[in-house]
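Undergrad: Input file: my_file33.pdb. Contents: PDB, C-alpha atoms.
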```pdb
ATOM      1  CA  MET W   7      24.030  18.803 -13.475
ATOM      2  CA  LYS W   8      24.394  15.269 -12.152
ATOM      3  CA  ALA W   9      21.217  13.415 -11.225
ATOM      4  CA  ILE W  10      19.904   9.913 -10.660
ATOM      5  CA  GLN W  11      17.308   8.684 -13.136
ATOM      6  CA  TYR W  12      15.602   5.531 -14.311
ATOM      7  CA  ASN W  13      13.787   4.888 -17.581
ATOM      8  CA  ALA W  14      11.934   1.751 -16.535
ATOM      9  CA  PHE W  15      10.443   0.318 -13.363
ATOM     10  CA  GLY W  16      12.259  -2.498 -11.606
ATOM     11  CA  SER W  17      15.089  -3.377  -9.220
ATOM     12  CA  SER W  18      17.894  -0.996  -8.315
ATOM     13  CA  GLU W  19      19.622  -2.031 -11.532
ATOM     14  CA  VAL W  20      17.428   0.443 -13.446
ATOM     15  CA  ILE W  21      19.112   3.346 -11.612
ATOM     16  CA  SER W  22      21.767   5.334 -13.450
ATOM     17  CA  LEU W  23      23.765   8.522 -12.950
ATOM     18  CA  VAL W  24      23.099  11.010 -15.760
ATOM     19  CA  GLU W  25      23.845  14.563 -16.835
ATOM     20  CA  VAL W  26      20.703  16.677 -17.262
ATOM     21  CA  PRO W  27      19.975  20.411 -17.496
ATOM     22  CA  ALA W  28      19.657  22.092 -14.111
ATOM     23  CA  PRO W  29      16.112  23.202 -13.194
ATOM     24  CA  GLU W  30      15.250  26.892 -13.214
ATOM     25  CA  VAL W  31      12.906  29.212 -11.350
ATOM     26  CA  LYS W  32       9.832  29.534 -13.565
ATOM     27  CA  ASN W  33       7.045  30.541 -11.182
ATOM     28  CA  GLU W  34       6.847  33.340  -8.620
ATOM     29  CA  SER W  35       6.640  30.797  -5.752
ATOM     30  CA  ASP W  36       9.616  28.679  -6.934
ATOM     31  CA  VAL W  37      12.754  28.174  -4.847
ATOM     32  CA  LEU W  38      15.898  26.795  -6.515
ATOM     33  CA  ILE W  39      18.079  24.813  -4.113
ATOM     34  CA  GLN W  40      21.601  23.487  -4.442
ATOM     35  CA  VAL W  41      21.190  20.075  -2.833
ATOM     36  CA  LYS W  42      23.656  19.108  -0.131
ATOM     37  CA  ALA W  43      21.950  15.901   0.962
ATOM     38  CA  ALA W  44      18.859  13.849   0.169
ATOM     39  CA  SER W  45      17.273  11.072   2.203
ATOM     40  CA  VAL W  46      16.253   7.585   1.117
ATOM     41  CA  ASN W  47      12.668   6.700   2.022
ATOM     42  CA  PRO W  48      10.820   3.371   1.604
ATOM     43  CA  LEU W  49       8.441   5.128  -0.798
ATOM     44  CA  ASP W  50      11.393   5.710  -3.151
ATOM     45  CA  MET W  51      11.631   1.979  -3.776
ATOM     46  CA  LYS W  52       7.871   1.488  -4.103
ATOM     47  CA  ILE W  53       7.803   4.188  -6.790
ATOM     48  CA  ARG W  54      10.839   2.653  -8.546
ATOM     49  CA  MET W  55       9.198  -0.769  -8.630
ATOM     50  CA  GLY W  56       6.062   0.709 -10.197
ATOM     51  CA  TYR W  57       3.875  -0.185  -7.225
ATOM     52  CA  MET W  58       2.574   3.374  -6.835
ATOM     53  CA  GLN W  59       1.484   4.025 -10.421
ATOM     54  CA  LYS W  60      -2.229   3.830  -9.601
ATOM     55  CA  MET W  61      -2.022   5.885  -6.420
ATOM     56  CA  ARG W  62       0.874   8.200  -7.265
ATOM     57  CA  PRO W  63       1.841   7.937 -10.946
ATOM     58  CA  VAL W  64       5.176   9.260 -12.211
ATOM     59  CA  GLN W  65       6.434   9.830 -15.728
ATOM     60  CA  LEU W  66       9.631   8.224 -16.985
ATOM     61  CA  PRO W  67      12.461   9.068 -17.007
ATOM     62  CA  PHE W  68      12.137   9.841 -13.303
ATOM     63  CA  THR W  69      14.528  11.275 -10.721
ATOM     64  CA  PRO W  70      13.700   9.930  -7.228
ATOM     65  CA  GLY W  71      14.002  11.669  -3.876
ATOM     66  CA  LEU W  72      11.225  12.995  -1.650
ATOM     67  CA  ASP W  73      13.182  15.454   0.455
ATOM     68  CA  ALA W  74      16.503  17.239   0.640
ATOM     69  CA  SER W  75      18.538  19.897   2.389
ATOM     70  CA  GLY W  76      20.708  22.539   0.810
ATOM     71  CA  LEU W  77      21.333  26.178  -0.056
ATOM     72  CA  VAL W  78      18.857  28.537  -1.713
ATOM     73  CA  VAL W  79      20.444  29.876  -4.919
ATOM     74  CA  ALA W  80      17.458  31.611  -6.563
ATOM     75  CA  VAL W  81      13.860  32.511  -5.707
ATOM     76  CA  GLY W  82      10.730  33.555  -7.569
ATOM     77  CA  THR W  83       9.436  37.099  -7.333
ATOM     78  CA  GLY W  84       6.693  36.131  -4.876
ATOM     79  CA  VAL W  85       8.809  34.178  -2.401
ATOM     80  CA  THR W  86       8.781  35.608   1.124
ATOM     81  CA  GLN W  87       9.685  32.682   3.385
ATOM     82  CA  CYS W  88      13.347  32.339   2.394
ATOM     83  CA  LYS W  89      16.092  34.139   0.485
ATOM     84  CA  VAL W  90      19.242  33.378  -1.495
ATOM     85  CA  GLY W  91      21.906  31.955   0.798
ATOM     86  CA  ASP W  92      19.514  30.404   3.319
ATOM     87  CA  GLU W  93      20.153  26.857   4.497
ATOM     88  CA  VAL W  94      16.897  24.956   4.088
ATOM     89  CA  ILE W  95      15.037  21.670   4.283
ATOM     90  CA  VAL W  96      12.671  20.910   1.420
ATOM     91  CA  ALA W  97       9.989  18.331   0.681
ATOM     92  CA  THR W  98      10.024  17.772  -3.079
ATOM     93  CA  MET W  99       8.072  14.509  -3.627
ATOM     94  CA  GLY W 100      10.541  13.747  -6.436
ATOM     95  CA  ASN W 101      13.757  14.972  -8.073
ATOM     96  CA  ALA W 102      15.844  15.278  -4.879
ATOM     97  CA  TYR W 103      18.591  12.835  -5.976
ATOM     98  CA  ALA W 104      20.242  15.622  -7.955
ATOM     99  CA  GLU W 105      22.625  18.546  -7.604
ATOM    100  CA  TYR W 106      19.775  21.082  -7.852
ATOM    101  CA  VAL W 107      16.027  20.936  -7.263
ATOM    102  CA  VAL W 108      13.128  23.394  -7.551
ATOM    103  CA  ALA W 109      10.286  23.422  -5.034
ATOM    104  CA  ASN W 110       7.317  25.554  -4.035
ATOM    105  CA  GLU W 111       8.134  27.809  -1.084
ATOM    106  CA  ASN W 112       5.263  26.255   0.915
ATOM    107  CA  PHE W 113       7.412  23.123   1.201
ATOM    108  CA  VAL W 114      10.663  24.887   2.125
ATOM    109  CA  SER W 115      11.704  25.298   5.789
ATOM    110  CA  LEU W 116      14.723  27.013   7.286
ATOM    111  CA  LYS W 117      17.245  24.450   8.536
ATOM    112  CA  PRO W 118      17.858  24.577  12.291
ATOM    113  CA  LYS W 119      21.351  25.958  12.863
ATOM    114  CA  ASN W 120      22.298  23.240  15.344
ATOM    115  CA  ILE W 121      22.180  20.332  12.858
ATOM    116  CA  SER W 122      24.121  19.372   9.731
ATOM    117  CA  PHE W 123      22.726  19.090   6.209
ATOM    118  CA  GLU W 124      22.745  15.298   6.410
ATOM    119  CA  GLU W 125      20.832  15.388   9.699
ATOM    120  CA  ALA W 126      18.422  17.967   8.273
ATOM    121  CA  THR W 127      17.407  15.869   5.287
ATOM    122  CA  SER W 128      16.617  12.992   7.614
ATOM    123  CA  LEU W 129      13.807  15.035   9.155
ATOM    124  CA  ALA W 130      11.339  16.319   6.552
ATOM    125  CA  VAL W 131       9.423  13.108   5.801
ATOM    126  CA  ASN W 132       9.817  11.920   9.393
ATOM    127  CA  ILE W 133       8.445  15.046  11.059
ATOM    128  CA  GLY W 134       5.701  15.603   8.492
ATOM    129  CA  THR W 135       4.529  12.001   8.829
ATOM    130  CA  ALA W 136       4.643  12.009  12.628
ATOM    131  CA  GLN W 137       2.782  15.321  12.833
ATOM    132  CA  THR W 138       0.116  14.053  10.436
ATOM    133  CA  ILE W 139      -0.442  10.746  12.225
ATOM    134  CA  LEU W 140      -0.348  11.949  15.828
ATOM    135  CA  PHE W 141      -1.941  15.363  15.686
ATOM    136  CA  THR W 142      -3.501  16.335  12.339
ATOM    137  CA  GLU W 143      -5.325  13.008  11.874
ATOM    138  CA  GLY W 144      -4.868  11.392  15.284
ATOM    139  CA  LYS W 145      -6.082  14.451  17.243
ATOM    140  CA  LEU W 146      -4.018  13.344  20.237
ATOM    141  CA  ASP W 147      -3.228  15.543  23.209
ATOM    142  CA  LYS W 148      -1.498  15.338  26.574
ATOM    143  CA  GLY W 149      -2.373  12.148  28.453
ATOM    144  CA  HIS W 150      -3.566  10.170  25.442
ATOM    145  CA  LYS W 151      -2.067   6.728  24.919
ATOM    146  CA  VAL W 152      -0.404   5.763  21.626
ATOM    147  CA  LEU W 153       1.201   2.540  20.453
ATOM    148  CA  ILE W 154       3.918   3.087  17.840
ATOM    149  CA  GLN W 155       4.500  -0.073  15.833
ATOM    150  CA  GLY W 156       8.045   0.049  14.473
ATOM    151  CA  ALA W 157       9.243   2.804  16.798
ATOM    152  CA  ALA W 158      12.959   2.281  16.124
ATOM    153  CA  GLY W 159      12.671   3.059  12.424
ATOM    154  CA  SER W 160      13.425   6.553  11.166
ATOM    155  CA  VAL W 161       9.794   7.722  11.177
ATOM    156  CA  GLY W 162       8.919   5.833  14.348
ATOM    157  CA  ALA W 163      11.808   7.322  16.353
ATOM    158  CA  THR W 164      10.800  10.847  15.337
ATOM    159  CA  MET W 165       7.161  10.097  16.128
ATOM    160  CA  LEU W 166       8.129   8.823  19.571
ATOM    161  CA  GLN W 167       9.994  12.051  20.340
ATOM    162  CA  LEU W 168       7.157  14.276  19.132
ATOM    163  CA  ALA W 169       4.683  12.253  21.188
ATOM    164  CA  LYS W 170       6.707  12.495  24.404
ATOM    165  CA  ASN W 171       7.218  16.234  23.962
ATOM    166  CA  LYS W 172       3.430  16.608  23.774
ATOM    167  CA  GLY W 173       2.925  14.633  26.979
ATOM    168  CA  LEU W 174       1.532  11.470  25.395
ATOM    169  CA  TYR W 175       1.894   8.025  26.981
ATOM    170  CA  VAL W 176       3.925   6.027  24.467
ATOM    171  CA  ILE W 177       4.115   2.264  24.040
ATOM    172  CA  ALA W 178       6.825   1.400  21.519
ATOM    173  CA  THR W 179       7.503  -1.848  19.672
ATOM    174  CA  ALA W 180      11.010  -2.610  18.456
ATOM    175  CA  SER W 181      13.546  -5.431  18.239
ATOM    176  CA  GLY W 182      17.298  -5.962  18.543
ATOM    177  CA  LYS W 183      19.275  -2.751  19.056
ATOM    178  CA  GLY W 184      16.059  -0.819  18.487
ATOM    179  CA  VAL W 185      14.813  -1.805  21.946
ATOM    180  CA  GLU W 186      17.537   0.203  23.661
ATOM    181  CA  LEU W 187      17.056   3.084  21.217
ATOM    182  CA  VAL W 188      13.359   3.544  22.003
ATOM    183  CA  LYS W 189      14.053   3.223  25.726
ATOM    184  CA  SER W 190      16.632   6.007  25.435
ATOM    185  CA  LEU W 191      14.055   8.198  23.674
ATOM    186  CA  GLY W 192      11.697   7.950  26.630
ATOM    187  CA  ALA W 193       9.117   5.323  25.675
ATOM    188  CA  ASP W 194       6.889   4.547  28.676
ATOM    189  CA  GLU W 195       6.623   0.879  27.692
ATOM    190  CA  VAL W 196       8.768  -1.108  25.258
ATOM    191  CA  ILE W 197       7.714  -4.357  23.617
ATOM    192  CA  ASP W 198      10.124  -6.591  21.697
ATOM    193  CA  TYR W 199       7.839  -7.691  18.881
ATOM    194  CA  LYS W 200      10.038 -10.688  18.054
ATOM    195  CA  THR W 201       9.657 -12.261  21.492
ATOM    196  CA  GLN W 202       6.442 -10.717  22.833
ATOM    197  CA  ASP W 203       2.851 -10.594  21.584
ATOM    198  CA  VAL W 204       1.669  -7.000  21.656
ATOM    199  CA  SER W 205      -1.996  -8.031  21.436
ATOM    200  CA  THR W 206      -1.799  -9.790  24.813
ATOM    201  CA  LEU W 207       0.174  -7.042  26.559
ATOM    202  CA  VAL W 208      -1.603  -3.865  25.470
ATOM    203  CA  LYS W 209      -5.247  -2.809  25.583
ATOM    204  CA  ASP W 210      -7.359   0.316  25.109
ATOM    205  CA  VAL W 211      -4.905   2.673  23.425
ATOM    206  CA  ASP W 212      -6.329   5.790  21.812
ATOM    207  CA  LEU W 213      -4.246   5.379  18.671
ATOM    208  CA  VAL W 214      -2.066   2.804  16.990
ATOM    209  CA  ALA W 215       0.488   4.389  14.650
ATOM    210  CA  ASP W 216       1.543   1.593  12.319
ATOM    211  CA  CYS W 217       4.932   2.273  10.763
ATOM    212  CA  ALA W 218       5.683  -1.367   9.955
ATOM    213  CA  GLY W 219       2.692  -2.955   8.191
ATOM    214  CA  GLY W 220       2.753  -6.611   7.202
ATOM    215  CA  GLU W 221       0.854  -9.531   8.668
ATOM    216  CA  THR W 222       1.136  -8.220  12.230
ATOM    217  CA  GLN W 223      -1.155  -5.294  11.417
ATOM    218  CA  ALA W 224      -4.280  -7.424  11.929
ATOM    219  CA  LYS W 225      -3.413  -8.017  15.600
ATOM    220  CA  LEU W 226      -3.105  -4.287  16.237
ATOM    221  CA  PHE W 227      -6.890  -3.904  16.067
ATOM    222  CA  GLU W 228      -7.112  -5.827  19.337
ATOM    223  CA  VAL W 229      -5.195  -3.179  21.301
ATOM    224  CA  VAL W 230      -7.254  -0.132  20.239
ATOM    225  CA  LYS W 231     -10.147   0.975  22.401
ATOM    226  CA  ALA W 232     -13.604   1.076  20.812
ATOM    227  CA  GLY W 233     -13.888   4.282  18.832
ATOM    228  CA  GLY W 234     -10.103   4.644  18.684
ATOM    229  CA  LYS W 235      -7.864   4.880  15.634
ATOM    230  CA  LEU W 236      -5.408   2.722  13.715
ATOM    231  CA  LEU W 237      -3.509   4.905  11.259
ATOM    232  CA  SER W 238      -0.931   3.330   8.983
ATOM    233  CA  ILE W 239       1.793   4.574   6.667
ATOM    234  CA  ALA W 240       2.745   1.015   5.698
ATOM    235  CA  GLY W 241      -0.391  -0.521   4.212
ATOM    236  CA  MET W 242      -4.174  -0.230   3.936
ATOM    237  CA  PRO W 243      -5.837  -1.579   7.121
ATOM    238  CA  SER W 244      -8.647  -4.124   6.856
ATOM    239  CA  ALA W 245     -12.095  -2.534   6.542
ATOM    240  CA  GLU W 246     -13.672  -5.712   7.931
ATOM    241  CA  LEU W 247     -11.543  -5.652  11.074
ATOM    242  CA  ALA W 248     -12.166  -1.931  11.456
ATOM    243  CA  GLU W 249     -15.908  -2.582  11.514
ATOM    244  CA  LYS W 250     -15.548  -5.605  13.830
ATOM    245  CA  TYR W 251     -13.554  -3.688  16.428
ATOM    246  CA  ASN W 252     -15.250  -0.298  15.915
ATOM    247  CA  VAL W 253     -11.949   1.345  14.992
ATOM    248  CA  ASP W 254     -11.246   4.231  12.629
ATOM    249  CA  ALA W 255      -8.598   2.493  10.483
ATOM    250  CA  ARG W 256      -6.989   4.253   7.532
ATOM    251  CA  PHE W 257      -3.886   4.529   5.381
ATOM    252  CA  ILE W 258      -2.494   8.043   5.819
ATOM    253  CA  SER W 259      -0.633  10.212   3.336
ATOM    254  CA  SER W 260       1.780  12.582   5.037
ATOM    255  CA  ASP W 261       1.473  16.364   4.993
ATOM    256  CA  LEU W 262       5.031  17.479   4.235
ATOM    257  CA  SER W 263       4.341  21.203   4.008
ATOM    258  CA  ALA W 264       6.543  23.653   5.896
ATOM    259  CA  LYS W 265       3.604  24.376   8.202
ATOM    260  CA  SER W 266       3.380  20.687   9.148
ATOM    261  CA  LEU W 267       7.094  20.687  10.024
ATOM    262  CA  GLU W 268       7.002  23.789  12.256
ATOM    263  CA  TYR W 269       6.472  22.098  15.623
ATOM    264  CA  GLY W 270       9.045  19.367  15.017
ATOM    265  CA  LEU W 271      11.718  21.741  13.743
ATOM    266  CA  THR W 272      11.191  23.992  16.763
ATOM    267  CA  LEU W 273      11.911  20.973  18.972
ATOM    268  CA  VAL W 274      15.051  20.275  16.919
ATOM    269  CA  SER W 275      16.256  23.869  17.411
ATOM    270  CA  GLU W 276      15.660  23.525  21.170
ATOM    271  CA  GLY W 277      17.602  20.255  21.299
ATOM    272  CA  LYS W 278      14.468  18.294  22.238
ATOM    273  CA  LEU W 279      14.271  16.186  19.070
ATOM    274  CA  LYS W 280      17.265  14.309  17.707
ATOM    275  CA  PRO W 281      17.778  13.269  14.078
ATOM    276  CA  PHE W 282      19.289   9.827  13.520
ATOM    277  CA  VAL W 283      21.400   9.153  10.431
ATOM    278  CA  ALA W 284      22.232   5.464  10.091
ATOM    279  CA  LYS W 285      24.531   5.583   7.056
ATOM    280  CA  THR W 286      25.550   7.901   4.218
ATOM    281  CA  PHE W 287      26.233   7.187   0.531
ATOM    282  CA  SER W 288      27.416   9.290  -2.407
ATOM    283  CA  LEU W 289      25.120  10.195  -5.295
ATOM    284  CA  GLU W 290      26.931   7.605  -7.415
ATOM    285  CA  GLU W 291      25.986   5.001  -4.802
ATOM    286  CA  ALA W 292      22.234   5.705  -4.911
ATOM    287  CA  ALA W 293      21.390   2.143  -5.965
ATOM    288  CA  GLN W 294      23.360   0.703  -3.044
ATOM    289  CA  ALA W 295      21.676   3.184  -0.697
ATOM    290  CA  GLN W 296      18.226   2.044  -1.788
ATOM    291  CA  ASP W 297      19.206  -1.618  -1.466
ATOM    292  CA  PHE W 298      20.532  -0.954   2.038
ATOM    293  CA  VAL W 299      17.145   0.457   3.090
ATOM    294  CA  SER W 300      15.239  -2.334   1.324
ATOM    295  CA  ALA W 301      17.184  -4.950   3.281
ATOM    296  CA  GLY W 302      15.452  -3.699   6.444
ATOM    297  CA  GLY W 303      16.569  -3.475  10.045
ATOM    298  CA  VAL W 304      17.870   0.086   9.723
ATOM    299  CA  ASN W 305      17.535   2.249  12.836
ATOM    300  CA  GLY W 306      17.699   5.810  11.524
ATOM    301  CA  LYS W 307      17.789   7.427   8.113
ATOM    302  CA  VAL W 308      19.949   6.582   5.135
ATOM    303  CA  VAL W 309      21.247   9.737   3.448
ATOM    304  CA  ILE W 310      22.784  10.496   0.076
ATOM    305  CA  LEU W 311      25.462  13.220   0.186
ATOM    306  CA  ILE W 312      25.521  15.264  -2.999
ATOM    307  CA  ASN W 313      27.463  18.555  -2.873
TER     308      ASN W 313
END
```
Produce structure tokens that represent the structure in this file.

TA:
Amino acid sequence: MKAIQYNAFGSSEVISLVEVPAPEVKNESDVLIQVKAASVNPLDMKIRMGYMQKMRPVQLPFTPGLDASGLVVAVGTGVTQCKVGDEVIVATMGNAYAEYVVANENFVSLKPKNISFEEATSLAVNIGTAQTILFTEGKLDKGHKVLIQGAAGSVGATMLQLAKNKGLYVIATASGKGVELVKSLGADEVIDYKTQDVSTLVKDVDLVADCAGGETQAKLFEVVKAGGKLLSIAGMPSAELAEKYNVDARFISSDLSAKSLEYGLTLVSEGKLKPFVAKTFSLEEAAQAQDFVSAGGVNGKVVILIN
């Protein structure tokens, strides 16, 4: 089968298209999927650059890709959640930039019938991350106030929709075309972070969901109420500032299991949560796809079309 691999860490120049044996079902919980589309996530580039080797080591040669959508073509003897022929979404945490991928059934979800494969693959990491931040770790419920930093990005836009469907009060930061996007998704307040200072405009939120990271993260401590939370997917928050402001501040790893995706995918099926695909590339264009995401400013998901 065709797959993307690299044999060394570095820029997108290390990426190459190769022919490798197709994976096979080996365990009773395995699901073999013919990949139709795979999404490009910022973590893909961090892994490729070698930045994650201490936290999340990979062996070379490595095929990137954290999630995909496609058709089930074989299942292990113990699989009960899907069957051959099903259209599915899968969180793989690697190996998705390929024509076929094997995953444990606990990370395989049925694709909502009202969306395409390319839309479906844009959702797994987004929904799993949003669910983890807002509800599993954030413990938010109706009426709570959340600030989403970077709400126009692919994860942020999904998080905003999940939050509004749960009755949360949402303050969203964005810039450029992203301002209109987050307004259209129902944000209660919108702050243009390029022209406005969020730390002077917002106070006493229950949770800051930081999807952007960078130097601006330090100012986010000022908007959280004492005893509140600052949860980040973009960088480790300062322990000193957490103590100073009495804030529970942590870097969060996403739960991408099928169970974590249930609520979000139900909303998708009901037409209450929209996927956003910014641009598509072919498998042969995987390097360009990663560079496009790395350049920043993308509102929505970048997707690689495979079969």

Undergrad: What does the PyMOL selection byres ((chain W and resi 209-223) around 8) select in this file, as a VMD selection string?

TA: chain W and resid 139 to 140 144 150 to 157 159 161 to 162 205 to 208 224 to 232 234 to 241 243

Undergrad: What would the selection look like, as a list in words, if the PyMOL selection byres ((chain W and resi 180) around 7) were run on the coordinates I just shared?

TA: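 With the PyMOL selection byres ((chain W and resi 180) around 7) on this model, the match is Gly156, Ala157, Ala158, Ala178, Thr179, Ser181, Gly184, Val185, Ile197, Asp198 and Tyr199 of chain W.
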
Undergrad: Using only C-alpha atoms, find the one residue out of W:Val26, W:Val188, W:Ala193, W:Val90 that sits nearest to Thr69 (chain W).

TA: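 Ranked by minimum distance to Thr69 (chain W), first place goes to W:Val26.
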
Undergrad: If the PyMOL selection byres ((chain W and resi 263) around 12) is run on the structure shown, which residues does it catch, given as a list in words?

TA: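 Selection result, ordered by chain and number: Asp73, Ile95, Val96, Ala97, Thr98, Met99, Ala109, Asn110, Glu111, Asn112, Phe113, Val114, Ser115, Ala130, Val131, Ile133, Gly134, Thr135, Gln137, Thr138, Ser260, Asp261, Leu262, Ala264, Lys265, Ser266, Leu267, Glu268 and Tyr269 of chain W.
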
Undergrad: Considering all atoms listed in the file, can you say which of W:Gly82, W:Gly100, W:Pro63, W:Pro48 comes closest to Ile10 (chain W)?

TA: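 Answer, going by the shortest atom-to-atom distance: W:Gly100.
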